[in-house]
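Reading through the structure tokens given below for one structure.
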Amino acid sequence: MRTNYHTHSRYCDGKGELREYVEYAIAHGFSALGFSGHAPVLFPNNFSIRQEQYLDYCNEVRALKAEYAGRIDIRLGLEIDYIPGVLEDFTPLIEQGGLEYTIGSVHLIPNPDDVETLRNLCATAQGEERQQIPYHIWFIDGPKQETYDKGLHHIFHDDIRAGVKAFFHQQNAMIERNRPTVVGHFDKIVMHNRNRFFQYDEKWFRDLLYETVELIRESGCIAEINTRGLYKGRHTDFYPAKETIQYMNSLHIPVLVGTDAHEPSNLDQFEGAYEFLKEIGYRNVMQELRF
Ligand SMILES: [Zn+2]
Ligand SMILES: [Zn+2]
């Protein structure tokens, strides 16, 4: 049984039509496929579904679900960014779209001491001014290390501990407030770090990481094991890292493997995740989401 619930498309920053993903999944023996485009956000960007296309995305997934019923179980989801002052409540998106599940992820981090500036800009900025909004947010994802370094400099004045702490605290707030079905790639802050600013086993980092793990356990959310860093060559481990997965096993946290596909051929790039989970005797592997 093969499944994948972390899937983008041309509606956001992925390549290819939704139907191409469905056809690829069927041809490769999948029993279920969930779509999780990047939720619309209120400022100019080149990665999220545009607000005016949000319902088209939802309706197209639903149409495919009906068309392919009996051949593959298609599900409508969304990867939603939790951004203090900008996108804190997932409910309107869930209700407007009729979503079946959510992946809660943090890619964009404002300085927690200056959320007001961002909130005001999003509420009132027009035209040119709106283009400034991304400069008030640390973008930790994407292909460029340079973007990460610049954001760390501008938003956190090169204080890596303050930035990492803001990342984890933002995730904690997301989990407590929204309880997403799945918590996406929750240690992704390490991707562009590449052991330059800190090591994974430093105590202060481990304490922040484990606090989030504990919160995931308490909230009953599923933790994602995300394989994208491996097949894109941007990271040498899963998100979260193997040692964290071992720790999660001791807490009986349910996990779901997601490939974070941005083109159809990414759908089955599992990068040995299931073999690893089997090897360490992981007790609570979800193969399919239950609805
Ligand atoms: Zn993501
Ligand atoms: Zn994603």
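We name chains A, B, ... following the order of the structure tokens; residues begin at 1 in each chain, and ligands are numbered from 1 as shown.
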May I have a table of the residues of chain A lying at most 7 Å from ligand 2, giving each one's closest pair of atoms and their distance in Å to one decimal, counting only C-alpha atoms and all ligand atoms, ordered by chain and ascending residue number, as a Markdown table?
```
| residue | atom | partner | partner_atom_place_in_ligand_line | distance |
| --- | --- | --- | --- | --- |
| A:His6 | CA | ligand 2 | 1 (Zn) | 6.1 |
| A:Thr7 | CA | ligand 2 | 1 (Zn) | 6.6 |
| A:His8 | CA | ligand 2 | 1 (Zn) | 6.5 |
| A:His38 | CA | ligand 2 | 1 (Zn) | 6.8 |
| A:Glu79 | CA | ligand 2 | 1 (Zn) | 6.3 |
| A:Asp260 | CA | ligand 2 | 1 (Zn) | 4.7 |
```
Write down as a ChimeraX atom specification the residues belonging to range 35-176 of chain A that are assigned alpha helix (DSSP H) by DSSP computed on the backbone.
/A:54-67,91-97,115-124,127-130,145-156,160-176
Store the residues picked out above, limited to C-alpha atoms, as a CSV table (one decimal), in the first residue's frame.
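Writing the result to selection_0.csv gives the following:
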```csv
chain,number,residue,atom,x,y,z
A,54,TYR,CA,-8.2,28.9,-3.9
A,55,LEU,CA,-11.7,27.6,-4.6
A,56,ASP,CA,-10.7,26.5,-8.1
A,57,TYR,CA,-8.0,24.3,-6.4
A,58,CYS,CA,-10.5,22.8,-4.0
A,59,ASN,CA,-13.1,22.2,-6.6
A,60,GLU,CA,-10.7,20.6,-9.0
A,61,VAL,CA,-9.4,18.2,-6.3
A,62,ARG,CA,-13.1,17.3,-5.4
A,63,ALA,CA,-13.9,16.7,-9.1
A,64,LEU,CA,-10.9,14.3,-9.5
A,65,LYS,CA,-11.9,12.6,-6.2
A,66,ALA,CA,-15.3,11.8,-7.7
A,67,GLU,CA,-13.9,10.9,-11.2
A,91,THR,CA,-10.6,27.7,10.5
A,92,PRO,CA,-11.6,30.1,7.7
A,93,LEU,CA,-9.5,28.2,5.1
A,94,ILE,CA,-10.8,24.8,6.3
A,95,GLU,CA,-14.4,26.0,6.1
A,96,GLN,CA,-14.2,27.9,2.8
A,97,GLY,CA,-12.5,25.0,1.1
A,115,VAL,CA,4.8,41.3,14.9
A,116,GLU,CA,2.8,44.5,15.0
A,117,THR,CA,4.8,46.0,12.0
A,118,LEU,CA,3.9,43.0,10.0
A,119,ARG,CA,0.3,42.9,11.0
A,120,ASN,CA,-0.1,46.5,10.2
A,121,LEU,CA,1.6,46.2,6.8
A,122,CYS,CA,-0.6,43.2,5.9
A,123,ALA,CA,-3.7,45.1,7.0
A,124,THR,CA,-3.1,48.4,5.3
A,127,GLY,CA,0.9,48.7,-4.0
A,128,GLU,CA,4.6,49.2,-3.6
A,129,GLU,CA,4.4,49.0,0.1
A,130,ARG,CA,3.1,45.5,0.0
A,145,GLN,CA,21.1,29.5,1.5
A,146,GLU,CA,21.6,33.2,0.7
A,147,THR,CA,17.9,33.9,1.4
A,148,TYR,CA,18.2,32.2,4.8
A,149,ASP,CA,21.4,34.1,5.7
A,150,LYS,CA,19.9,37.4,4.7
A,151,GLY,CA,16.7,36.9,6.6
A,152,LEU,CA,18.7,35.8,9.7
A,153,HIS,CA,20.7,39.0,9.4
A,154,HIS,CA,17.8,41.4,8.8
A,155,ILE,CA,15.1,40.0,11.1
A,156,PHE,CA,17.3,38.5,13.9
A,160,ILE,CA,20.7,32.3,15.4
A,161,ARG,CA,19.4,31.2,18.8
A,162,ALA,CA,16.8,34.0,18.8
A,163,GLY,CA,15.8,32.9,15.2
A,164,VAL,CA,15.6,29.2,16.0
A,165,LYS,CA,13.7,29.9,19.2
A,166,ALA,CA,11.2,32.0,17.3
A,167,PHE,CA,10.8,29.1,14.8
A,168,PHE,CA,10.0,26.5,17.5
A,169,HIS,CA,7.8,28.8,19.5
A,170,GLN,CA,5.8,29.7,16.4
A,171,GLN,CA,5.3,26.0,15.7
A,172,ASN,CA,4.2,25.4,19.3
A,173,ALA,CA,1.7,28.2,19.0
A,174,MET,CA,0.4,26.7,15.7
A,175,ILE,CA,0.0,23.3,17.3
A,176,GLU,CA,-1.8,24.6,20.4
```
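All residues, whether protein, DNA or RNA, that have an atom at most 9 Å from ligand 1 (counting only C-alpha atoms and all ligand atoms) are His6, His38, Glu79, Ile80, Asp81, Ile103, Gly104, Ser105, Val106, His107, Asp141, Gly184, His185, Lys188 and Asp260 of chain A.
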Those residues you just picked out, can you put them in a file as a CSV table (one decimal), in the first residue's frame with C-alpha atoms?
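Dumped everything to again02.csv:
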```csv
chain,number,residue,atom,x,y,z
A,6,HIS,CA,2.1,16.0,1.0
A,38,HIS,CA,0.5,26.0,0.0
A,79,GLU,CA,-0.3,23.0,3.8
A,80,ILE,CA,-1.0,26.0,5.9
A,81,ASP,CA,1.6,28.4,7.1
A,103,ILE,CA,-0.6,20.0,7.2
A,104,GLY,CA,0.6,22.8,9.6
A,105,SER,CA,4.0,24.1,8.7
A,106,VAL,CA,6.3,27.0,9.5
A,107,HIS,CA,8.4,28.5,6.6
A,141,ASP,CA,12.8,27.3,3.1
A,184,GLY,CA,5.0,19.3,8.6
A,185,HIS,CA,8.8,19.0,8.6
A,188,LYS,CA,13.4,22.2,8.8
A,260,ASP,CA,6.5,16.9,-0.3
```
Just the number, please: distance in Å from CA of Gly258 in chain A to CA of Asn4 in chain A, one decimal.
5.6 Å
Contacts of Thr102 in chain A at 9 Å or less, counting only C-alpha atoms, minus same-chain residues fewer than 2 places along, as a PyMOL selection string?
chain A and resi 36+76-80+90+94+99-100+104+180-183
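Between Ala273 in chain A and the residues A:Phe197, A:Tyr247, A:Tyr239, A:Tyr82, the shortest atom-to-atom distance, using only C-alpha atoms, involves A:Tyr239.
Separating CA of Asn284 in chain A from CA of Asp73 in chain A is a distance of 21.6 Å.
Among the candidates A:Ile72, A:Gly16, A:Arg10, A:Thr236, the residue lying nearest to Phe30 in chain A is A:Ile72 (atoms considered: only C-alpha atoms).
With distances restricted to only C-alpha atoms, A:Tyr231 is the closest residue to Ser265 in chain A from A:His157, A:Ala125, A:Tyr231, A:Leu87.
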